[in-house]
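Data file: coords_0.cif. Format and content: mmCIF, C-alpha atoms, pLDDT in the B column; chains and numbers go by the auth columns.
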```cif
data_input
#
loop_
_atom_site.group_PDB
_atom_site.id
_atom_site.type_symbol
_atom_site.label_atom_id
_atom_site.label_comp_id
_atom_site.label_asym_id
_atom_site.label_seq_id
_atom_site.Cartn_x
_atom_site.Cartn_y
_atom_site.Cartn_z
_atom_site.B_iso_or_equiv
_atom_site.auth_seq_id
_atom_site.auth_asym_id
ATOM 1 C CA MET A 1 109.344 97.242 67.551 72.00 1 E
ATOM 2 C CA THR A 2 105.619 97.549 66.853 92.00 2 E
ATOM 3 C CA GLN A 3 103.806 99.764 69.340 97.00 3 E
ATOM 4 C CA ARG A 4 100.669 98.142 70.717 98.00 4 E
ATOM 5 C CA THR A 5 97.847 99.387 72.935 98.00 5 E
ATOM 6 C CA TYR A 6 96.979 97.491 76.089 98.00 6 E
ATOM 7 C CA ALA A 7 94.235 97.966 78.691 98.00 7 E
ATOM 8 C CA VAL A 8 95.030 97.077 82.308 98.00 8 E
ATOM 9 C CA THR A 9 92.576 97.077 85.229 98.00 9 E
ATOM 10 C CA GLY A 10 93.664 97.520 88.838 98.00 10 E
ATOM 11 C CA VAL A 11 96.458 99.725 87.578 98.00 11 E
ATOM 12 C CA ALA A 12 96.898 101.961 90.630 98.00 12 E
ATOM 13 C CA SER A 13 98.971 99.520 92.684 96.00 13 E
ATOM 14 C CA GLY A 14 100.649 96.128 92.924 96.00 14 E
ATOM 15 C CA ILE A 15 100.834 93.882 89.880 97.00 15 E
ATOM 16 C CA GLY A 16 98.766 96.243 87.725 98.00 16 E
ATOM 17 C CA ALA A 17 101.079 99.175 88.372 98.00 17 E
ATOM 18 C CA GLU A 18 104.115 97.045 87.583 98.00 18 E
ATOM 19 C CA LEU A 19 102.522 95.766 84.391 98.00 19 E
ATOM 20 C CA ALA A 20 101.830 99.319 83.219 98.00 20 E
ATOM 21 C CA ARG A 21 105.456 100.227 83.890 98.00 21 E
ATOM 22 C CA ILE A 22 106.790 97.221 81.981 98.00 22 E
ATOM 23 C CA LEU A 23 104.497 97.785 79.001 98.00 23 E
ATOM 24 C CA LYS A 24 105.518 101.443 78.818 98.00 24 E
ATOM 25 C CA GLU A 25 109.198 100.475 79.001 98.00 25 E
ATOM 26 C CA GLN A 26 108.544 98.169 76.048 98.00 26 E
ATOM 27 C CA GLY A 27 107.245 101.144 74.088 98.00 27 E
ATOM 28 C CA HIS A 28 103.512 100.398 74.187 98.00 28 E
ATOM 29 C CA ARG A 29 100.467 102.552 74.893 98.00 29 E
ATOM 30 C CA VAL A 30 98.685 101.759 78.146 98.00 30 E
ATOM 31 C CA ILE A 31 95.102 102.606 79.089 98.00 31 E
ATOM 32 C CA GLY A 32 94.667 102.114 82.817 98.00 32 E
ATOM 33 C CA PHE A 33 91.462 101.423 84.740 98.00 33 E
ATOM 34 C CA ASP A 34 90.998 101.622 88.495 98.00 34 E
ATOM 35 C CA ILE A 35 88.685 102.928 91.186 98.00 35 E
ATOM 36 C CA HIS A 36 91.642 105.041 92.400 97.00 36 E
ATOM 37 C CA GLU A 37 92.940 107.637 89.966 98.00 37 E
ATOM 38 C CA THR A 38 96.536 107.389 88.823 98.00 38 E
ATOM 39 C CA HIS A 39 98.510 108.543 85.800 97.00 39 E
ATOM 40 C CA ALA A 40 101.786 106.729 86.469 97.00 40 E
ATOM 41 C CA ASN A 41 103.036 104.932 83.338 98.00 41 E
ATOM 42 C CA LEU A 42 99.743 105.518 81.548 98.00 42 E
ATOM 43 C CA ASP A 43 98.767 107.196 78.321 98.00 43 E
ATOM 44 C CA ARG A 44 95.206 107.455 79.581 98.00 44 E
ATOM 45 C CA PHE A 45 93.337 106.784 82.823 98.00 45 E
ATOM 46 C CA ILE A 46 89.655 105.793 82.913 98.00 46 E
ATOM 47 C CA ALA A 47 87.779 105.428 86.194 98.00 47 E
ATOM 48 C CA LEU A 48 86.269 101.975 86.708 98.00 48 E
ATOM 49 C CA ASP A 49 84.294 100.499 89.590 98.00 49 E
ATOM 50 C CA LEU A 50 83.665 96.814 88.889 98.00 50 E
ATOM 51 C CA ASN A 51 81.058 96.820 91.658 97.00 51 E
ATOM 52 C CA ASP A 52 78.872 99.200 89.627 97.00 52 E
ATOM 53 C CA ALA A 53 77.211 98.123 86.364 96.00 53 E
ATOM 54 C CA ALA A 54 76.850 101.735 85.202 97.00 54 E
ATOM 55 C CA SER A 55 80.560 102.359 85.782 98.00 55 E
ATOM 56 C CA ILE A 56 81.461 99.254 83.784 98.00 56 E
ATOM 57 C CA THR A 57 79.324 100.406 80.851 98.00 57 E
ATOM 58 C CA ALA A 58 80.642 103.972 81.011 98.00 58 E
ATOM 59 C CA ALA A 59 84.289 102.949 81.261 98.00 59 E
ATOM 60 C CA ALA A 60 84.063 100.587 78.295 98.00 60 E
ATOM 61 C CA ALA A 61 82.272 103.239 76.238 98.00 61 E
ATOM 62 C CA GLN A 62 85.185 105.647 76.758 98.00 62 E
ATOM 63 C CA VAL A 63 87.602 103.326 74.949 98.00 63 E
ATOM 64 C CA ASP A 64 87.589 104.756 71.434 96.00 64 E
ATOM 65 C CA GLU A 65 90.618 103.033 69.905 97.00 65 E
ATOM 66 C CA PRO A 66 91.564 99.455 68.988 98.00 66 E
ATOM 67 C CA LEU A 67 93.184 97.346 71.698 98.00 67 E
ATOM 68 C CA ASP A 68 95.823 94.662 71.320 98.00 68 E
ATOM 69 C CA GLY A 69 95.193 93.220 74.755 98.00 69 E
ATOM 70 C CA LEU A 70 93.403 93.435 78.082 99.00 70 E
ATOM 71 C CA CYS A 71 94.718 92.365 81.468 98.00 71 E
ATOM 72 C CA ASN A 72 91.950 91.882 84.032 98.00 72 E
ATOM 73 C CA ASN A 73 94.026 92.430 87.152 98.00 73 E
ATOM 74 C CA ALA A 74 91.620 94.334 89.451 97.00 74 E
ATOM 75 C CA GLY A 75 90.302 92.400 92.412 96.00 75 E
ATOM 76 C CA LEU A 76 89.574 92.324 96.120 96.00 76 E
ATOM 77 C CA PRO A 77 91.220 90.101 98.762 94.00 77 E
ATOM 78 C CA PRO A 78 89.246 87.919 101.208 94.00 78 E
ATOM 79 C CA ARG A 79 87.821 90.359 103.762 93.00 79 E
ATOM 80 C CA GLU A 80 84.863 89.532 105.980 93.00 80 E
ATOM 81 C CA GLY A 81 81.840 91.722 105.336 95.00 81 E
ATOM 82 C CA LEU A 82 82.703 92.133 101.644 96.00 82 E
ATOM 83 C CA GLN A 83 81.389 88.797 100.412 97.00 83 E
ATOM 84 C CA ALA A 84 79.023 90.184 97.775 97.00 84 E
ATOM 85 C CA THR A 85 81.504 92.792 96.618 97.00 85 E
ATOM 86 C CA ILE A 86 84.246 90.175 96.232 98.00 86 E
ATOM 87 C CA LEU A 87 81.967 88.018 94.090 98.00 87 E
ATOM 88 C CA GLN A 88 80.927 90.994 91.976 97.00 88 E
ATOM 89 C CA VAL A 89 84.318 92.636 91.473 98.00 89 E
ATOM 90 C CA ASN A 90 86.503 89.564 91.085 98.00 90 E
ATOM 91 C CA PHE A 91 84.301 87.697 88.651 98.00 91 E
ATOM 92 C CA LEU A 92 80.893 89.036 87.618 97.00 92 E
ATOM 93 C CA GLY A 93 82.100 92.589 87.039 97.00 93 E
ATOM 94 C CA THR A 94 85.311 91.417 85.414 98.00 94 E
ATOM 95 C CA ARG A 95 83.386 89.185 83.027 98.00 95 E
ATOM 96 C CA ALA A 96 80.954 91.989 82.156 98.00 96 E
ATOM 97 C CA PHE A 97 83.775 94.467 81.529 98.00 97 E
ATOM 98 C CA THR A 98 85.587 91.995 79.289 98.00 98 E
ATOM 99 C CA HIS A 99 82.497 91.385 77.183 98.00 99 E
ATOM 100 C CA ALA A 100 81.962 95.145 76.882 98.00 100 E
ATOM 101 C CA LEU A 101 85.523 95.615 75.585 98.00 101 E
ATOM 102 C CA LEU A 102 85.590 92.671 73.167 98.00 102 E
ATOM 103 C CA PRO A 103 84.502 94.783 70.170 97.00 103 E
ATOM 104 C CA ARG A 104 87.594 96.952 70.720 98.00 104 E
ATOM 105 C CA LEU A 105 90.043 94.034 70.652 98.00 105 E
ATOM 106 C CA ARG A 106 91.584 93.578 67.239 98.00 106 E
ATOM 107 C CA ALA A 107 92.486 90.275 65.605 98.00 107 E
ATOM 108 C CA GLY A 108 95.467 88.700 67.302 98.00 108 E
ATOM 109 C CA GLY A 109 94.601 90.309 70.626 98.00 109 E
ATOM 110 C CA SER A 110 95.099 88.720 74.029 98.00 110 E
ATOM 111 C CA VAL A 111 93.059 88.707 77.248 98.00 111 E
ATOM 112 C CA VAL A 112 94.918 87.856 80.450 98.00 112 E
ATOM 113 C CA ASN A 113 92.778 87.148 83.526 98.00 113 E
ATOM 114 C CA MET A 114 94.444 87.267 86.941 98.00 114 E
ATOM 115 C CA ALA A 115 93.375 84.200 88.884 98.00 115 E
ATOM 116 C CA SER A 116 95.255 82.780 91.876 95.00 116 E
ATOM 117 C CA ARG A 117 96.599 79.634 93.491 93.00 117 E
ATOM 118 C CA ALA A 118 93.446 79.989 95.587 93.00 118 E
ATOM 119 C CA GLY A 119 91.505 78.809 92.520 95.00 119 E
ATOM 120 C CA ALA A 120 93.408 75.547 92.197 94.00 120 E
ATOM 121 C CA GLN A 121 90.573 73.469 93.677 95.00 121 E
ATOM 122 C CA TRP A 122 88.189 74.213 90.808 97.00 122 E
ATOM 123 C CA ARG A 123 87.863 70.520 89.907 97.00 123 E
ATOM 124 C CA GLU A 124 86.199 69.789 93.251 97.00 124 E
ATOM 125 C CA ASN A 125 83.801 72.742 92.983 98.00 125 E
ATOM 126 C CA VAL A 126 82.512 72.761 89.408 98.00 126 E
ATOM 127 C CA ALA A 127 78.837 72.544 90.435 98.00 127 E
ATOM 128 C CA GLN A 128 79.091 75.528 92.780 98.00 128 E
ATOM 129 C CA ILE A 129 81.045 77.513 90.184 98.00 129 E
ATOM 130 C CA LYS A 130 78.266 76.925 87.654 98.00 130 E
ATOM 131 C CA ARG A 131 75.631 78.089 90.147 98.00 131 E
ATOM 132 C CA PHE A 132 77.667 81.214 90.837 98.00 132 E
ATOM 133 C CA ALA A 133 78.255 81.979 87.153 97.00 133 E
ATOM 134 C CA ALA A 134 74.480 81.812 86.592 96.00 134 E
ATOM 135 C CA VAL A 135 73.826 84.664 89.064 95.00 135 E
ATOM 136 C CA CYS A 136 72.218 87.388 86.978 83.00 136 E
ATOM 137 C CA GLY A 137 73.254 90.515 88.829 80.00 137 E
ATOM 138 C CA ARG A 138 74.588 92.254 91.920 80.00 138 E
ATOM 139 C CA GLU A 139 71.141 92.219 93.523 83.00 139 E
ATOM 140 C CA ASP A 140 71.043 88.396 93.575 93.00 140 E
ATOM 141 C CA LEU A 141 74.336 87.879 95.378 96.00 141 E
ATOM 142 C CA ALA A 142 73.011 88.093 98.933 94.00 142 E
ATOM 143 C CA ALA A 143 70.620 85.208 98.267 95.00 143 E
ATOM 144 C CA PHE A 144 73.404 83.185 96.648 97.00 144 E
ATOM 145 C CA ILE A 145 75.754 83.739 99.607 97.00 145 E
ATOM 146 C CA ALA A 146 73.045 82.731 102.082 96.00 146 E
ATOM 147 C CA ALA A 147 72.081 79.638 100.105 96.00 147 E
ATOM 148 C CA GLU A 148 75.694 78.498 99.734 97.00 148 E
ATOM 149 C CA GLN A 149 76.633 79.484 103.316 97.00 149 E
ATOM 150 C CA ILE A 150 80.010 80.886 102.258 97.00 150 E
ATOM 151 C CA ASP A 151 82.358 83.268 104.043 96.00 151 E
ATOM 152 C CA ALA A 152 84.721 85.842 102.541 96.00 152 E
ATOM 153 C CA THR A 153 87.567 83.370 102.062 96.00 153 E
ATOM 154 C CA ARG A 154 85.350 80.926 100.192 97.00 154 E
ATOM 155 C CA CYS A 155 83.956 83.821 98.131 98.00 155 E
ATOM 156 C CA TYR A 156 87.483 84.781 97.120 97.00 156 E
ATOM 157 C CA ASN A 157 88.473 81.222 96.229 97.00 157 E
ATOM 158 C CA LEU A 158 85.236 80.764 94.308 98.00 158 E
ATOM 159 C CA THR A 159 85.879 83.844 92.162 98.00 159 E
ATOM 160 C CA LYS A 160 89.336 82.598 91.225 98.00 160 E
ATOM 161 C CA GLU A 161 87.993 79.128 90.415 98.00 161 E
ATOM 162 C CA ALA A 162 85.328 80.781 88.284 98.00 162 E
ATOM 163 C CA ILE A 163 87.877 82.928 86.440 98.00 163 E
ATOM 164 C CA ILE A 164 89.837 79.800 85.499 98.00 164 E
ATOM 165 C CA LEU A 165 86.778 77.866 84.283 98.00 165 E
ATOM 166 C CA TRP A 166 85.312 80.878 82.451 98.00 166 E
ATOM 167 C CA THR A 167 88.598 81.302 80.603 98.00 167 E
ATOM 168 C CA MET A 168 88.529 77.657 79.547 98.00 168 E
ATOM 169 C CA ALA A 169 84.904 77.970 78.461 98.00 169 E
ATOM 170 C CA GLU A 170 85.669 81.024 76.323 98.00 170 E
ATOM 171 C CA ALA A 171 88.728 79.546 74.605 97.00 171 E
ATOM 172 C CA GLU A 172 87.032 78.262 71.447 98.00 172 E
ATOM 173 C CA ALA A 173 84.818 81.316 70.999 97.00 173 E
ATOM 174 C CA MET A 174 87.871 83.540 71.402 98.00 174 E
ATOM 175 C CA ILE A 175 89.742 81.585 68.740 98.00 175 E
ATOM 176 C CA GLN A 176 86.824 82.123 66.377 97.00 176 E
ATOM 177 C CA ARG A 177 87.210 85.864 67.002 97.00 177 E
ATOM 178 C CA GLU A 178 90.970 85.582 66.364 98.00 178 E
ATOM 179 C CA LEU A 179 91.605 86.340 70.039 98.00 179 E
ATOM 180 C CA ARG A 180 92.994 84.296 72.898 98.00 180 E
ATOM 181 C CA MET A 181 92.336 84.235 76.629 98.00 181 E
ATOM 182 C CA ASN A 182 94.468 82.788 79.434 98.00 182 E
ATOM 183 C CA THR A 183 94.690 82.954 83.214 98.00 183 E
ATOM 184 C CA LEU A 184 97.645 83.535 85.507 98.00 184 E
ATOM 185 C CA SER A 185 97.580 82.055 89.014 97.00 185 E
ATOM 186 C CA PRO A 186 100.101 83.754 91.332 95.00 186 E
ATOM 187 C CA GLY A 187 101.014 82.329 94.701 89.00 187 E
ATOM 188 C CA GLY A 188 101.880 84.488 97.719 81.00 188 E
ATOM 189 C CA THR A 189 102.944 87.861 96.316 86.00 189 E
ATOM 190 C CA ALA A 190 104.241 90.824 98.301 78.00 190 E
ATOM 191 C CA THR A 191 101.635 93.446 97.433 83.00 191 E
ATOM 192 C CA GLY A 192 99.727 95.838 99.682 72.00 192 E
ATOM 193 C CA ILE A 193 97.010 93.244 100.328 71.00 193 E
ATOM 194 C CA PHE A 194 99.367 90.414 101.278 70.00 194 E
ATOM 195 C CA GLY A 195 98.308 90.708 104.923 73.00 195 E
ATOM 196 C CA ASP A 196 94.732 89.861 103.965 74.00 196 E
ATOM 197 C CA PHE A 197 95.886 86.540 102.547 71.00 197 E
ATOM 198 C CA GLN A 198 97.978 85.768 105.620 77.00 198 E
ATOM 199 C CA ARG A 199 94.927 86.344 107.813 78.00 199 E
ATOM 200 C CA ALA A 200 92.598 84.357 105.535 74.00 200 E
ATOM 201 C CA PHE A 201 94.817 81.354 104.856 77.00 201 E
ATOM 202 C CA GLY A 202 96.831 81.298 108.048 75.00 202 E
ATOM 203 C CA ALA A 203 99.937 79.209 108.560 81.00 203 E
ATOM 204 C CA ALA A 204 99.730 77.660 105.078 81.00 204 E
ATOM 205 C CA VAL A 205 100.831 80.956 103.523 82.00 205 E
ATOM 206 C CA ASP A 206 103.864 81.327 105.778 85.00 206 E
ATOM 207 C CA ARG A 207 104.787 77.664 105.321 89.00 207 E
ATOM 208 C CA ASN A 208 104.662 77.894 101.524 87.00 208 E
ATOM 209 C CA ILE A 209 106.689 81.090 101.469 90.00 209 E
ATOM 210 C CA LYS A 210 109.304 79.591 103.772 91.00 210 E
ATOM 211 C CA ARG A 211 109.675 76.606 101.448 89.00 211 E
ATOM 212 C CA ALA A 212 109.876 78.860 98.367 90.00 212 E
ATOM 213 C CA GLY A 213 112.455 81.075 100.061 92.00 213 E
ATOM 214 C CA ARG A 214 110.436 84.295 99.788 91.00 214 E
ATOM 215 C CA ALA A 215 107.167 85.740 98.548 89.00 215 E
ATOM 216 C CA GLY A 216 106.790 86.613 94.883 91.00 216 E
ATOM 217 C CA LYS A 217 107.388 90.155 93.698 95.00 217 E
ATOM 218 C CA PRO A 218 104.672 92.081 91.813 95.00 218 E
ATOM 219 C CA GLU A 219 107.067 92.765 88.953 97.00 219 E
ATOM 220 C CA GLU A 220 107.708 89.019 88.547 97.00 220 E
ATOM 221 C CA ILE A 221 104.017 88.388 87.974 97.00 221 E
ATOM 222 C CA ALA A 222 103.772 91.441 85.713 98.00 222 E
ATOM 223 C CA GLN A 223 106.662 90.273 83.533 98.00 223 E
ATOM 224 C CA ILE A 224 104.815 87.055 82.753 98.00 224 E
ATOM 225 C CA ALA A 225 101.560 88.947 82.182 98.00 225 E
ATOM 226 C CA ALA A 226 103.341 91.169 79.649 98.00 226 E
ATOM 227 C CA PHE A 227 104.641 88.093 77.834 98.00 227 E
ATOM 228 C CA VAL A 228 101.230 86.394 77.717 98.00 228 E
ATOM 229 C CA LEU A 229 99.693 89.619 76.396 98.00 229 E
ATOM 230 C CA SER A 230 102.288 89.750 73.620 98.00 230 E
ATOM 231 C CA PRO A 231 102.193 88.016 70.225 98.00 231 E
ATOM 232 C CA ALA A 232 105.186 85.948 71.366 97.00 232 E
ATOM 233 C CA ALA A 233 102.690 83.853 73.382 98.00 233 E
ATOM 234 C CA ASN A 234 100.314 83.369 70.458 97.00 234 E
ATOM 235 C CA TRP A 235 99.909 79.583 70.948 98.00 235 E
ATOM 236 C CA LEU A 236 98.812 79.914 74.579 98.00 236 E
ATOM 237 C CA LYS A 237 95.030 79.643 74.505 98.00 237 E
ATOM 238 C CA GLY A 238 92.697 78.735 77.367 98.00 238 E
ATOM 239 C CA ALA A 239 95.612 77.913 79.674 98.00 239 E
ATOM 240 C CA ASP A 240 96.074 78.537 83.385 98.00 240 E
ATOM 241 C CA ILE A 241 99.678 79.347 84.299 97.00 241 E
ATOM 242 C CA ALA A 242 100.837 78.976 87.908 96.00 242 E
ATOM 243 C CA ILE A 243 103.338 81.634 88.991 96.00 243 E
ATOM 244 C CA ASP A 244 104.043 80.566 92.547 92.00 244 E
ATOM 245 C CA GLY A 245 107.766 79.947 93.021 92.00 245 E
ATOM 246 C CA GLY A 246 107.124 76.205 93.244 92.00 246 E
ATOM 247 C CA MET A 247 104.459 76.320 95.979 91.00 247 E
ATOM 248 C CA GLY A 248 101.976 74.250 93.994 92.00 248 E
ATOM 249 C CA ALA A 249 104.634 71.638 93.283 93.00 249 E
ATOM 250 C CA PHE A 250 105.528 71.410 96.980 91.00 250 E
ATOM 251 C CA ASN A 251 101.911 70.787 97.958 90.00 251 E
ATOM 252 C CA LEU A 252 101.286 68.222 95.238 92.00 252 E
ATOM 253 C CA THR A 253 104.495 66.418 96.149 94.00 253 E
ATOM 254 C CA ASP A 254 103.283 66.163 99.738 93.00 254 E
ATOM 255 C CA ALA A 255 99.742 65.132 98.781 93.00 255 E
ATOM 256 C CA MET A 256 100.871 62.385 96.391 96.00 256 E
ATOM 257 C CA ASP A 257 103.956 61.326 98.377 96.00 257 E
ATOM 258 C CA LEU A 258 106.280 61.926 95.450 96.00 258 E
ATOM 259 C CA GLN A 259 109.529 62.222 97.408 92.00 259 E
ATOM 260 C CA GLY A 260 110.559 58.777 96.176 93.00 260 E
ATOM 261 C CA LEU A 261 110.796 60.099 92.612 95.00 261 E
ATOM 262 C CA ARG A 262 113.587 62.505 93.496 92.00 262 E
ATOM 263 C CA LEU A 263 117.187 62.017 92.417 88.00 263 E
ATOM 264 C CA ALA A 264 119.251 60.186 95.023 79.00 264 E
#
```

Whole structure, structure tokens version:
Amino acid sequence: MTQRTYAVTGVASGIGAELARILKEQGHRVIGFDIHETHANLDRFIALDLNDAASITAAAAQVDEPLDGLCNNAGLPPREGLQATILQVNFLGTRAFTHALLPRLRAGGSVVNMASRAGAQWRENVAQIKRFAAVCGREDLAAFIAAEQIDATRCYNLTKEAIILWTMAEAEAMIQRELRMNTLSPGGTATGIFGDFQRAFGAAVDRNIKRAGRAGKPEEIAQIAAFVLSPAANWLKGADIAIDGGMGAFNLTDAMDLQGLRLA
């Protein structure tokens, strides 16, 4: 098997840690990025704070070898008081880091952006997403938050909507660079920040998990991320892939009253 080199952000825990483990088990090199230092299942660790423009520039500059893929997994959950940081880390910083690493991605490479089921309402919020994406820097976020009157939960959802639309918008340009970019949208997943989502989204989370039978496992999301990073997924371009144990299907079935379509 050909050994490849992959970069993974948010590698110290949860889905990122599982992805590093899976990629190493497959025989690949893994460069891990996180604000918390770790060396588990990594060939190299580089410190990265997506809330800090200087850190983004410095981390990208330390990558001195070609990459076959990048998984943008780092992110913050919806926590009150962190509105600006959520917007910066989950989207603006992620986008800036990706652009900084693009020259290192070789032809045939793959970018996987971790979105969420929380971004599924992007169609209803395109105008706000465009206003957010036009924010020039960290210093302008407070004014944006005040003007939009958004709390931490809306900030989180907005970043995931933006990740999905940004990925679509980049699809053609990526193809011209012989690269591809896709998003993954997990549903409720049993990571260390799962409690944040239960508090933010309330009974809907518990209801969806009950209908699915259980929460997702980090390794289940990571397995799909590893596939989408790989050349085996070479015709996936600009797509958003729901990984939610059927939760999205349940909700759409309810919303559109589709029970009558079921087998007798």

**Study point:** Who sits within 9 Å of E:Thr98, only C-alpha atoms, same chain under 5 positions skipped, as JSON, numbers by chain
**Key:** {"E": [60, 70, 72, 93, 111]}

File of the preceding selection, C-alpha atoms, as an mmCIF file, in the coordinates of the input:
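The resulting part_30.cif:
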```cif
data_model
loop_
_atom_site.group_PDB
_atom_site.id
_atom_site.type_symbol
_atom_site.label_atom_id
_atom_site.label_comp_id
_atom_site.auth_asym_id
_atom_site.auth_seq_id
_atom_site.Cartn_x
_atom_site.Cartn_y
_atom_site.Cartn_z
ATOM 1 C CA ALA E 60 84.063 100.587 78.295
ATOM 2 C CA LEU E 70 93.403 93.435 78.082
ATOM 3 C CA ASN E 72 91.950 91.882 84.032
ATOM 4 C CA GLY E 93 82.100 92.589 87.039
ATOM 5 C CA VAL E 111 93.059 88.707 77.248
#
```

**Study point:** Closest of E:Phe250, E:Gln83, E:Leu50, E:Gly75 to E:Ala146 - atom-to-atom distances counting all atoms listed in the file
**Key:**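 Under the stated criterion, the closest residue is E:Gln83.
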
Pick out the residues sitting within 8 Å of E:Gly245, and hand them over as a PDB file with C-alpha atoms, keeping the file's coordinate frame; count all atoms listed in the file, and ignore anything fewer than 6 positions along from it in its own chain.
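The resulting file, out_35.pdb, is shown below:
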```
ATOM      1  CA  GLY E 187     101.014  82.329  94.701  1.00 89.00           C
ATOM      2  CA  ALA E 212     109.876  78.860  98.367  1.00 90.00           C
ATOM      3  CA  GLY E 216     106.790  86.613  94.883  1.00 91.00           C
TER       4      GLY E 216
END
```

Exercise for review: May I ask for the distance between atom CA of E:Ala147 and atom CA of E:Met168, given in Å to one decimal place?
Suggested key: 26.4 Å

Review point. Using all atoms listed in the file, which of E:Arg180, E:Pro218, E:Thr57, E:Gly10 sits nearest E:Leu101?
Key: E:Thr57

Review point. For E:Phe97, which residue out of E:Ala264, E:Ala7, E:Leu42, E:Met174 is the nearest one, using only C-alpha atoms?
Key: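 Among E:Ala264, E:Ala7, E:Leu42, E:Met174, it is E:Ala7 that comes nearest to E:Phe97.
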
Review point. Pick from E:Pro231, E:Gly248, E:Pro103, E:Gly69: nearest to E:Ala118, with only C-alpha atoms counted?
Key: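 Selected residue with least distance to E:Ala118: E:Gly248.
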
Point to revise | Picked residues, the PyMOL selection byres ((chain E and resi 188-190) around 12), expected as number ranges by chain | key: E: 13-15, 116-118, 185-187, 191-198, 201-202, 204-222, 242-248

Practice item. Using the chain letters and numbers from the file, give me the residues hit by the PyMOL selection byres ((chain E and resi 151) around 10), as number ranges by chain. Key: E: 78-84, 145-146, 148-150, 152-156

Exercise for review: Just say which residues the PyMOL selection byres ((chain E and resi 12) around 12) picks in this file, as an MDAnalysis selection string.
Suggested key: chainID E and resid 8:11 13:21 31:42 45:48 73:75 191:192

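Between atom CA of E:Leu105 and atom CA of E:Asp68 the separation is 5.9 Å.
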
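You can rank E:Leu229, E:Leu184, E:Gly238, E:Glu124 by their closest distance to E:Glu170 using all atoms listed in the file, and at the top of that list sits E:Gly238.
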
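Each of E:Leu102, E:Val135, E:Ile164, E:Ala173 was compared to E:Arg123 using all atoms listed in the file, and E:Ile164 turns out to be the nearest.
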
Exercise for review: Would you kindly return, as a list in words, each protein, DNA or RNA residue with an atom no farther than 8 Å from any atom of E:Gln3, considering all atoms listed in the file and excluding same-chain residues fewer than 3 positions away?
Suggested key: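 Listing them by chain and then by number gives Gly27, His28 and Arg29 of chain E.
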